[in-house]
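With compact mmCIF, C-alpha atoms inside, this is upload_15.txt:
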# COMPACT_ATOMS: atom_id res chain seq x y z
CA MET A 1 30.21 0.26 -23.45
CA VAL A 2 29.37 -2.83 -21.42
CA ALA A 3 30.47 -6.32 -22.34
CA VAL A 4 28.40 -9.05 -20.70
CA THR A 5 29.51 -12.49 -19.55
CA LYS A 6 26.59 -14.86 -19.01
CA ASP A 7 26.84 -17.22 -16.08
CA TYR A 8 23.16 -18.10 -15.59
CA ALA A 9 21.52 -20.70 -17.80
CA PRO A 10 19.84 -18.94 -20.71
CA ALA A 11 16.14 -19.28 -21.31
CA LYS A 12 14.95 -21.39 -24.23
CA GLU A 13 15.50 -20.04 -27.70
CA GLY A 14 12.55 -18.08 -28.98
CA ASP A 15 11.48 -16.69 -25.59
CA ALA A 16 9.54 -13.51 -26.38
CA PRO A 17 9.74 -10.22 -24.49
CA VAL A 18 7.45 -10.40 -21.49
CA ASN A 19 3.80 -9.39 -21.64
CA VAL A 20 0.98 -9.46 -19.10
CA LYS A 21 -0.35 -12.91 -19.98
CA SER A 22 3.08 -14.56 -20.02
CA ARG A 23 3.66 -13.37 -16.46
CA MET A 24 0.50 -14.88 -15.04
CA SER A 25 -0.14 -18.43 -13.94
CA PRO A 26 -2.90 -20.01 -16.07
CA VAL A 27 -5.24 -20.63 -13.15
CA ALA A 28 -5.05 -17.30 -11.30
CA PRO A 29 -7.38 -14.39 -11.99
CA VAL A 30 -5.66 -11.86 -14.25
CA LEU A 31 -3.93 -9.09 -12.32
CA PRO A 32 -2.77 -5.92 -14.04
CA PRO A 33 1.01 -5.54 -14.28
CA PHE A 34 2.50 -4.35 -11.01
CA GLU A 35 4.08 -1.38 -12.79
CA SER A 36 0.65 -0.13 -13.94
CA ARG A 37 -0.51 0.43 -10.35
CA LYS A 38 -0.45 3.70 -8.45
CA ASP A 39 2.94 3.74 -6.73
CA ARG A 40 2.24 4.95 -3.21
CA VAL A 41 5.61 4.16 -1.63
CA GLY A 42 8.29 4.36 -4.34
CA ARG A 43 9.31 7.85 -3.27
CA TYR A 44 10.91 6.40 -0.14
CA PHE A 45 13.36 4.29 -2.16
CA ARG A 46 14.46 6.69 -4.90
CA LYS A 47 17.54 7.65 -2.91
CA TYR A 48 19.02 4.24 -3.83
CA LEU A 49 19.17 5.23 -7.50
CA ASP A 50 22.20 7.31 -6.53
CA ASN A 51 24.11 4.01 -6.21
CA PHE A 52 23.93 3.45 -9.98
CA VAL A 53 25.47 4.85 -13.12
CA PHE A 54 24.13 3.99 -16.57
CA ASP A 55 25.86 2.83 -19.73
CA GLU A 56 24.81 0.85 -22.82
CA PHE A 57 25.60 -2.52 -24.33
CA ALA A 58 28.34 -2.34 -26.93
CA PRO A 59 26.94 -2.59 -30.50
CA SER A 60 29.38 -5.46 -31.15
CA TYR A 61 27.88 -7.39 -28.23
CA LEU A 62 24.32 -6.87 -29.48
CA VAL A 63 25.41 -8.18 -32.89
CA ARG A 64 26.80 -11.34 -31.28
CA ALA A 65 23.98 -11.82 -28.76
CA GLU A 66 21.04 -13.38 -30.55
CA GLY A 67 17.64 -11.86 -29.84
CA LEU A 68 18.78 -8.84 -27.80
CA GLY A 69 18.24 -6.19 -30.44
CA PHE A 70 15.55 -4.59 -28.25
CA MET A 71 18.33 -3.52 -25.86
CA LYS A 72 19.88 -1.11 -28.37
CA ASN A 73 20.24 2.39 -26.85
CA VAL A 74 18.78 1.14 -23.56
CA PRO A 75 20.70 2.42 -20.50
CA ILE A 76 22.09 -0.40 -18.35
CA PRO A 77 22.39 0.15 -14.57
CA LEU A 78 25.79 -0.46 -13.02
CA ARG A 79 26.81 0.02 -9.44
CA LYS A 80 29.86 2.18 -9.19
CA GLU A 81 32.03 -0.80 -8.25
CA ASP A 82 30.71 -2.72 -11.30
CA TYR A 83 31.64 0.18 -13.51
CA GLU A 84 35.18 0.19 -12.13
CA ILE A 85 35.48 -3.52 -12.96
CA PHE A 86 34.21 -2.85 -16.45
CA LYS A 87 36.63 0.01 -17.01
CA GLY A 88 39.40 -2.40 -16.10
CA GLY A 89 38.52 -4.48 -19.16
CA GLU A 90 36.51 -7.29 -17.55
CA GLY A 91 33.00 -8.21 -18.64
CA VAL A 92 30.09 -7.62 -16.26
CA LYS A 93 28.24 -10.87 -15.62
CA ALA A 94 24.62 -11.10 -16.65
CA HIS A 95 23.34 -11.99 -13.19
CA ILE A 96 24.90 -8.79 -11.81
CA ILE A 97 23.18 -6.72 -14.47
CA ALA A 98 19.88 -8.51 -13.73
CA GLU A 99 20.28 -7.75 -10.03
CA ASN A 100 20.95 -4.09 -10.80
CA MET A 101 17.91 -4.00 -13.08
CA ALA A 102 15.85 -5.52 -10.25
CA TRP A 103 16.89 -2.66 -7.97
CA VAL A 104 16.02 -0.01 -10.53
CA ILE A 105 12.56 -1.37 -11.39
CA GLY A 106 11.90 -2.27 -7.74
CA ILE A 107 12.63 1.33 -6.80
CA ASP A 108 10.61 2.73 -9.70
CA PRO A 109 8.32 0.23 -11.49
CA LYS A 110 7.33 2.99 -13.93
CA PHE A 111 10.94 3.49 -15.04
CA LYS A 112 10.98 4.23 -18.77
CA TYR A 113 12.91 1.06 -19.65
CA THR A 114 11.13 -1.39 -17.33
CA PRO A 115 9.64 -3.33 -20.33
CA GLN A 116 13.11 -3.81 -21.84
CA TYR A 117 14.61 -4.83 -18.50
CA VAL A 118 11.86 -7.40 -17.99
CA ALA A 119 12.33 -8.73 -21.53
CA PHE A 120 16.10 -8.94 -20.97
CA MET A 121 15.70 -10.93 -17.75
CA ASN A 122 13.14 -13.27 -19.31
CA LYS A 123 15.40 -13.80 -22.33
CA LEU A 124 18.54 -14.71 -20.40
CA PHE A 125 17.10 -16.46 -17.34
CA ASN A 126 14.32 -18.91 -16.59
CA TYR A 127 11.16 -18.40 -14.53
CA LYS A 128 13.06 -18.96 -11.26
CA LEU A 129 14.50 -15.44 -11.38
CA ALA A 130 11.34 -13.99 -9.82
CA GLU A 131 11.55 -16.62 -7.08
CA GLY A 132 15.19 -15.72 -6.53
CA PHE A 133 14.32 -12.06 -6.03
CA MET A 134 11.57 -13.09 -3.61
CA LYS A 135 14.02 -15.16 -1.55
CA GLN A 136 16.52 -12.30 -1.48
CA GLY A 137 13.72 -10.09 -0.20
CA ARG A 138 12.80 -12.57 2.52
CA ASN A 139 16.40 -12.87 3.65
CA ALA A 140 16.66 -9.09 3.82
CA ALA A 141 13.40 -8.88 5.78
CA GLU A 142 14.71 -11.39 8.33
CA ARG A 143 17.71 -9.07 8.82
CA GLU A 144 15.22 -6.18 9.17
CA ASP A 145 16.75 -4.62 6.06
CA PHE A 146 13.24 -3.66 4.98
CA ASP A 147 14.09 -1.27 2.14
CA ASN A 148 16.18 -3.96 0.47
CA ALA A 149 13.36 -6.46 1.03
CA ILE A 150 10.64 -4.27 -0.46
CA ILE A 151 12.72 -3.41 -3.53
CA HIS A 152 13.31 -7.11 -4.28
CA PHE A 153 9.63 -7.97 -3.68
CA ARG A 154 8.54 -5.21 -6.04
CA ALA A 155 10.94 -6.44 -8.73
CA SER A 156 9.67 -9.99 -8.26
CA LEU A 157 6.05 -8.83 -8.59
CA ILE A 158 6.89 -7.13 -11.89
CA LEU A 159 8.12 -10.49 -13.18
CA LYS A 160 5.30 -12.54 -11.64
CA PRO A 161 2.43 -10.44 -10.22
CA ASP A 162 0.39 -13.37 -8.86
CA SER A 163 3.13 -15.09 -6.84
CA ILE A 164 1.49 -16.02 -3.54
CA HIS A 165 4.77 -15.93 -1.58
CA THR A 166 5.85 -12.56 -2.98
CA MET A 167 2.43 -10.96 -2.57
CA TYR A 168 2.26 -12.13 1.04
CA SER A 169 5.83 -11.10 1.87
CA TYR A 170 5.37 -7.68 0.28
CA ALA A 171 2.16 -7.04 2.22
CA ARG A 172 3.82 -8.18 5.47
CA VAL A 173 6.83 -5.88 5.07
CA CYS A 174 4.62 -2.91 4.15
CA ARG A 175 2.67 -3.65 7.33
CA GLU A 176 5.89 -3.80 9.35
CA LEU A 177 6.96 -0.41 7.99
CA TYR A 178 3.69 1.36 8.72
CA MET A 179 3.61 -0.06 12.24
CA ARG A 180 7.13 1.29 12.84
CA GLY A 181 6.48 4.64 11.13
CA ASN A 182 6.16 7.95 12.94
CA ASP A 183 4.97 10.18 10.08
CA ASP A 184 1.26 10.20 9.24
CA LYS A 185 1.75 10.34 5.46
CA TYR A 186 4.36 7.58 5.53
CA ILE A 187 2.12 5.41 7.70
CA GLY A 188 -0.90 6.08 5.51
CA ARG A 189 0.87 5.15 2.27
CA PHE A 190 2.32 1.90 3.58
CA LYS A 191 -0.94 1.01 5.32
CA ALA A 192 -2.85 1.42 2.04
CA GLU A 193 -0.25 -0.66 0.20
CA SER A 194 -0.36 -3.43 2.80
CA THR A 195 -4.16 -3.52 2.85
CA GLU A 196 -4.42 -3.62 -0.94
CA TYR A 197 -2.05 -6.57 -1.22
CA PHE A 198 -3.73 -8.57 1.51
CA GLU A 199 -7.05 -7.91 -0.28
CA LEU A 200 -5.55 -9.05 -3.58
CA LEU A 201 -4.26 -12.20 -1.90
CA THR A 202 -7.76 -13.12 -0.72
CA GLN A 203 -9.03 -12.67 -4.30
CA VAL A 204 -6.20 -14.39 -6.20
CA HIS A 205 -5.41 -17.09 -3.60
CA PRO A 206 -8.64 -17.40 -1.59
CA ARG A 207 -7.55 -20.54 0.27
CA PHE A 208 -4.55 -18.81 1.84
CA ALA A 209 -5.69 -18.27 5.44
CA GLN A 210 -2.96 -15.92 6.67
CA ALA A 211 -4.05 -13.22 4.21
CA TYR A 212 -7.39 -13.00 6.08
CA TYR A 213 -5.58 -12.95 9.42
CA TYR A 214 -3.53 -9.84 8.59
CA LEU A 215 -6.22 -8.16 6.50
CA GLY A 216 -8.47 -8.25 9.54
CA TYR A 217 -5.88 -6.37 11.55
CA ASP A 218 -5.43 -3.82 8.75
CA TYR A 219 -9.19 -3.23 8.71
CA LEU A 220 -9.20 -2.98 12.51
CA ASN A 221 -6.48 -0.29 12.36
CA LEU A 222 -8.63 1.61 9.84
CA GLY A 223 -11.70 1.43 12.10
CA LEU A 224 -13.53 -0.87 9.65
CA TYR A 225 -14.90 -3.24 12.26
CA GLN A 226 -17.52 -5.00 10.15
CA LYS A 227 -14.95 -5.75 7.46
CA ALA A 228 -12.50 -6.98 10.09
CA ALA A 229 -15.14 -9.32 11.53
CA LEU A 230 -16.05 -10.70 8.10
CA VAL A 231 -12.48 -11.50 7.02
CA TRP A 232 -11.66 -12.99 10.42
CA GLN A 233 -14.65 -15.29 10.09
CA GLU A 234 -13.18 -16.39 6.76
CA PHE A 235 -9.86 -16.95 8.50
CA LEU A 236 -11.49 -19.22 11.08
CA LYS A 237 -13.02 -21.30 8.28
CA ARG A 238 -9.73 -21.75 6.44
CA SER A 239 -7.00 -21.85 9.08
CA THR A 240 -5.66 -24.95 10.79
CA ASN A 241 -3.49 -22.98 13.23
CA SER A 242 -5.17 -23.50 16.61
CA LYS A 243 -3.16 -20.76 18.37
CA ASP A 244 -4.06 -18.11 15.78
CA LYS A 245 -7.67 -19.24 15.75
CA ARG A 246 -7.93 -18.80 19.53
CA GLU A 247 -6.47 -15.30 19.17
CA ILE A 248 -8.94 -14.32 16.45
CA LYS A 249 -11.93 -15.70 18.36
CA LYS A 250 -10.90 -13.48 21.26
CA ARG A 251 -10.60 -10.49 18.91
CA LEU A 252 -14.05 -11.15 17.48
CA ASN A 253 -15.52 -11.11 20.99
CA GLN A 254 -13.79 -7.78 21.64
CA LEU A 255 -15.31 -6.38 18.44
CA GLN A 256 -18.92 -6.68 19.60
CA GLN A 257 -19.12 -3.14 21.00
CA PRO A 258 -17.24 -1.46 18.10
CA LEU A 259 -19.53 -3.33 15.71
CA THR A 260 -22.56 -1.89 17.52
CA ILE A 261 -21.04 1.60 17.26
CA GLU A 262 -20.42 1.09 13.56
CA LYS A 263 -24.06 0.03 13.20
CA GLY A 264 -25.02 3.34 14.82
CA TYR A 265 -22.79 5.29 12.42
CA ASN A 266 -24.42 3.55 9.46
CA ALA A 267 -27.88 4.37 10.79
CA VAL A 268 -26.96 8.07 10.90
CA LEU A 269 -25.45 7.90 7.41
CA ALA A 270 -28.69 6.32 6.17
CA GLY A 271 -30.78 9.11 7.71
CA ARG A 272 -32.19 6.98 10.52
CA TRP A 273 -31.43 9.67 13.09
CA ILE A 274 -33.39 8.32 16.08
CA GLU A 275 -32.01 4.80 15.62
CA GLY A 276 -28.49 6.27 15.45
CA ILE A 277 -29.00 8.26 18.66
CA GLU A 278 -30.47 5.28 20.52
CA THR A 279 -27.59 3.07 19.39
CA LEU A 280 -24.76 5.50 20.10
CA GLU A 281 -25.81 7.39 23.25
CA PRO A 282 -25.19 4.43 25.63
CA PHE A 283 -21.49 4.51 24.66
CA LEU A 284 -21.02 8.03 26.05
CA ASP A 285 -20.48 6.50 29.50
CA THR A 286 -18.00 3.84 28.37
CA ASN A 287 -14.34 3.65 27.36
CA PHE A 288 -15.44 4.67 23.86
CA LYS A 289 -16.31 8.23 24.92
CA GLY A 290 -12.88 9.30 23.65
CA TRP A 291 -13.70 8.27 20.05
CA TRP A 292 -14.33 11.52 18.17
CA PRO A 293 -16.46 9.80 15.44
CA LEU A 294 -18.93 8.79 18.17
CA HIS A 295 -19.50 12.46 19.03
CA TYR A 296 -19.53 13.52 15.38
CA TYR A 297 -22.28 11.11 14.33
CA LEU A 298 -24.28 11.90 17.44
CA GLY A 299 -23.89 15.60 16.63
CA VAL A 300 -25.21 15.03 13.10
CA ALA A 301 -28.18 13.06 14.42
CA TYR A 302 -28.94 15.71 17.08
CA ALA A 303 -28.74 18.49 14.48
CA ARG A 304 -31.07 16.67 12.07
CA THR A 305 -33.65 16.08 14.81
CA GLY A 306 -33.66 19.71 16.01
CA ASN A 307 -31.65 19.24 19.21
CA ASP A 308 -29.22 22.03 18.35
CA ALA A 309 -27.75 22.55 21.84
CA LYS A 310 -26.73 18.90 22.08
CA ALA A 311 -25.41 19.02 18.53
CA VAL A 312 -23.16 22.02 19.27
CA ALA A 313 -21.84 20.34 22.43
CA SER A 314 -21.11 17.11 20.51
CA PHE A 315 -19.33 18.91 17.67
CA LYS A 316 -17.19 20.89 20.10
CA ARG A 317 -16.17 17.62 21.72
CA VAL A 318 -15.13 16.36 18.29
CA LEU A 319 -12.80 19.35 17.83
CA GLY A 320 -11.35 18.66 21.28
CA PHE A 321 -10.17 15.29 19.97
CA ASN A 322 -9.62 16.17 16.30
CA GLY A 323 -9.04 19.90 15.89
CA SER A 324 -8.81 19.86 12.10
CA HIS A 325 -12.04 18.02 11.27
CA VAL A 326 -13.51 20.22 8.52
CA GLU A 327 -16.92 18.52 8.41
CA THR A 328 -17.44 19.34 12.09
CA MET A 329 -16.50 22.99 11.52
CA ASN A 330 -19.02 23.21 8.69
CA GLU A 331 -21.73 21.65 10.86
CA LEU A 332 -21.04 24.19 13.62
CA ALA A 333 -21.09 27.06 11.11
CA GLU A 334 -24.52 25.92 9.88
CA LEU A 335 -25.87 25.65 13.42
CA TYR A 336 -24.62 29.14 14.30
CA ALA A 337 -26.06 30.50 11.06
CA LYS A 338 -29.41 29.00 12.04
CA SER A 339 -29.26 30.75 15.44
CA LYS A 340 -28.11 34.04 13.80
CA ASP A 341 -24.77 33.97 15.67
CA LYS A 342 -22.78 35.58 12.86
CA GLU A 343 -19.54 35.85 14.82
CA ASN A 344 -19.30 32.11 15.53
CA GLU A 345 -20.56 31.24 12.08
CA ARG A 346 -17.75 33.32 10.53
CA LYS A 347 -15.21 31.86 12.96
CA TYR A 348 -15.90 28.24 11.98
CA ARG A 349 -16.22 28.95 8.26
CA GLN A 350 -12.83 30.67 8.28
CA LYS A 351 -11.28 27.76 10.19
CA ALA A 352 -12.66 25.28 7.67
CA GLU A 353 -11.39 27.36 4.73
CA LEU A 354 -7.93 27.58 6.31
CA ILE A 355 -7.74 23.80 6.79
CA LEU A 356 -8.91 23.15 3.21
CA SER A 357 -6.33 25.63 1.89
CA GLN A 358 -3.56 23.86 3.80
CA ILE A 359 -4.71 20.48 2.44
CA ALA A 360 -4.71 21.86 -1.13
CA GLN A 361 -1.19 23.24 -0.69
CA GLU A 362 0.05 19.89 0.64
CA LYS A 363 -1.50 18.03 -2.31
CA LYS A 364 0.09 20.48 -4.73
CA ALA A 365 3.49 19.97 -3.07
CA GLN A 366 3.04 16.18 -3.25
CA ASN A 367 2.16 16.34 -6.95
CA GLU A 368 5.19 18.49 -7.64
CA ASP A 369 7.33 16.02 -5.72

This entry written out as structure tokens:
Amino acid sequence: MVAVTKDYAPAKEGDAPVNVKSRMSPVAPVLPPFESRKDRVGRYFRKYLDNFVFDEFAPSYLVRAEGLGFMKNVPIPLRKEDYEIFKGGEGVKAHIIAENMAWVIGIDPKFKYTPQYVAFMNKLFNYKLAEGFMKQGRNAAEREDFDNAIIHFRASLILKPDSIHTMYSYARVCRELYMRGNDDKYIGRFKAESTEYFELLTQVHPRFAQAYYYLGYDYLNLGLYQKAALVWQEFLKRSTNSKDKREIKKRLNQLQQPLTIEKGYNAVLAGRWIEGIETLEPFLDTNFKGWWPLHYYLGVAYARTGNDAKAVASFKRVLGFNGSHVETMNELAELYAKSKDKENERKYRQKAELILSQIAQEKKAQNED
């Protein structure tokens, strides 16, 4: 059983176990608890749980410690070296236990005992604990110890979900990880996490200019050019950094052609086939001819206006750039069915079914994981 020696100033008597409202600043829009979110990236940190063993507070300690009855039968994380100290008869200091708890809930915010860990930390320490975890995360990020950084940021966000510094730092490190990643699923998960937190920053702290700066780049990387342009225009309104503003003005100028292409895509999606063709065809002789979506949307517009030969050629170009694009295979199958070419119709339907089967198997494996 663990005996605890406090060496951090205790919180005021009567502090209640944490709840959503007590973790939010009174002026910020209410955010749901961090631990209630979909955890896209936690799987990459679970290996660090192997560094901990679990024990419980001694009943005699809980009798002496006022207001900690909620910790009865709650497993307490100890690093193996902490456990050795404890076995030697020394007490484990409260700040060490809090740090270990931060690692556990930062790794897995949905851990069964996260509410008790949060209540314990709020009971024994003041509001600066969340700030302390944030600073530890920043220091780790500066050393490029990004796993350590993210775990501390996640723990800090559980304690204070609307912290501007933690939200920003967490989004930045997620961005750093997806930009350094080399696995599509890994990149996709961290990209979604980064984008979501920059979006939340613009909602909860709308005056914070740098959120718009990075969110624009996240949208750009996702091919969302109109969204990138809109948030960068917000950045220009709010920023006082002349160097960054010059950079973003240059980016906005470079976005003019992609924005026109996106306008063409939207015309096709809205069923304005001729407008889509007229908007997109001029880009076939530019540097954008390697963009498979350009050929896909042109193919759809050609098919809907009866120009089947051009549609087939466009869809085949799509598969030259993106060989697993199911929608394109289905479009080709429909065109070949229309021309009574049963062999090619069957060929593309089977390809599409194979890709969909592989996707279903991957999702099943992910769910099992």

Give me the residues near Lys227 (chain A) as an mmCIF file with C-alpha atoms, in the coordinates of the input, where near means some atom within 12 Å (using all atoms listed in the file) and where sequence neighbours in that chain fewer than 3 positions away do not count.
data_model
loop_
_atom_site.group_PDB
_atom_site.id
_atom_site.type_symbol
_atom_site.label_atom_id
_atom_site.label_comp_id
_atom_site.auth_asym_id
_atom_site.auth_seq_id
_atom_site.Cartn_x
_atom_site.Cartn_y
_atom_site.Cartn_z
ATOM 1 C CA THR A 195 -4.160 -3.520 2.850
ATOM 2 C CA GLU A 199 -7.050 -7.910 -0.280
ATOM 3 C CA TYR A 212 -7.390 -13.000 6.080
ATOM 4 C CA TYR A 213 -5.580 -12.950 9.420
ATOM 5 C CA LEU A 215 -6.220 -8.160 6.500
ATOM 6 C CA GLY A 216 -8.470 -8.250 9.540
ATOM 7 C CA TYR A 217 -5.880 -6.370 11.550
ATOM 8 C CA ASP A 218 -5.430 -3.820 8.750
ATOM 9 C CA TYR A 219 -9.190 -3.230 8.710
ATOM 10 C CA LEU A 220 -9.200 -2.980 12.510
ATOM 11 C CA ASN A 221 -6.480 -0.290 12.360
ATOM 12 C CA LEU A 222 -8.630 1.610 9.840
ATOM 13 C CA GLY A 223 -11.700 1.430 12.100
ATOM 14 C CA LEU A 224 -13.530 -0.870 9.650
ATOM 15 C CA LEU A 230 -16.050 -10.700 8.100
ATOM 16 C CA VAL A 231 -12.480 -11.500 7.020
ATOM 17 C CA TRP A 232 -11.660 -12.990 10.420
ATOM 18 C CA GLN A 233 -14.650 -15.290 10.090
ATOM 19 C CA GLU A 234 -13.180 -16.390 6.760
ATOM 20 C CA LEU A 252 -14.050 -11.150 17.480
ATOM 21 C CA LEU A 255 -15.310 -6.380 18.440
ATOM 22 C CA PRO A 258 -17.240 -1.460 18.100
ATOM 23 C CA LEU A 259 -19.530 -3.330 15.710
ATOM 24 C CA GLU A 262 -20.420 1.090 13.560
#

*Closest of A:Asp285, A:Glu247, A:Glu353, A:Glu343 to Asn330 (chain A) - atom-to-atom distances counting only C-alpha atoms*: A:Glu353

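For Leu335 (chain A), the set of protein, DNA and RNA residues having any atom at most 12 Å away, when counting all atoms listed in the file and skipping those fewer than 4 positions along the same chain, is Gly299, Val300, Tyr302, Ala303, Arg304, Gly306, Asn307, Asp308, Ala309, Lys310, Ala311, Val312, Ala313, Phe315, Lys316, Thr328, Met329, Asn330, Glu331, Ser339, Lys340, Asp341, Lys342, Asn344, Glu345, Arg346, Tyr348 and Arg349 of chain A.
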
*So, counting only C-alpha atoms, which residue among A:Ala141, A:Leu124, A:Ala192, A:Val326 is closest to Ala65 (chain A)?*
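Checking each candidate against Ala65 (chain A), we get A:Leu124 as the closest.
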
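With distances restricted to only C-alpha atoms, A:Leu280 is the closest residue to Ala301 (chain A) from A:Leu157, A:Met101, A:Leu356, A:Leu280.
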
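For the set A:Ile158, A:Ile97, A:Ile187, A:Leu62, the residue with the smallest atom-to-atom gap to Tyr44 (chain A) is A:Ile187, counting all atoms listed in the file.
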
*Pick the closest to His152 (chain A) from A:Gln203, A:Asn100, A:Ser357, A:Asn253: which is it, counting all atoms listed in the file?*
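The shortest atom-to-atom distance to His152 (chain A) comes from A:Asn100.
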
*Smallest atom-to-atom distance to Ala140 (chain A): which of A:Leu159, A:Leu236, A:Ala58, A:Val173, using all atoms listed in the file?*
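For Ala140 (chain A), the nearest of the candidates is A:Val173.
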
*Quote the spacing between CA of Glu362 (chain A) and CA of Asp184 (chain A) in Å to one decimal place.*
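Between these atoms lies a distance of 13.0 Å.
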
_Atomic separation - CA of Ile261 (chain A) relative to CA of Asn287 (chain A), Å_ =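 Pair CA of Asn287 (chain A) / CA of Ile261 (chain A) returns 12.3 Å.
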
*How many Å separate CA of Asp147 (chain A) from CA of Met71 (chain A)?*
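Value for the CA of Asp147 (chain A)-CA of Met71 (chain A) distance: 28.4 Å.
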
*Point (16.8, -6.7, -0.4), cut-off 10 Å, counting all atoms listed in the file, residues as a PyMOL selection string*: chain A and resi 102-103+106+133-141+143-153

_List the spatial neighbours of region 53-57 of chain A as an MDAnalysis selection string - criterion: any atom at most 10 Å away, all atoms listed in the file, same-chain residues fewer than 4 positions off excluded._
chainID A and resid 1:4 49 61:62 68 71:83

*Skip Ala209 (chain A) itself and residues of its chain fewer than 3 positions away, then list as an MDAnalysis selection string all residues within 6 Å of it, counting all atoms listed in the file.*
chainID A and resid 212 235 238:239
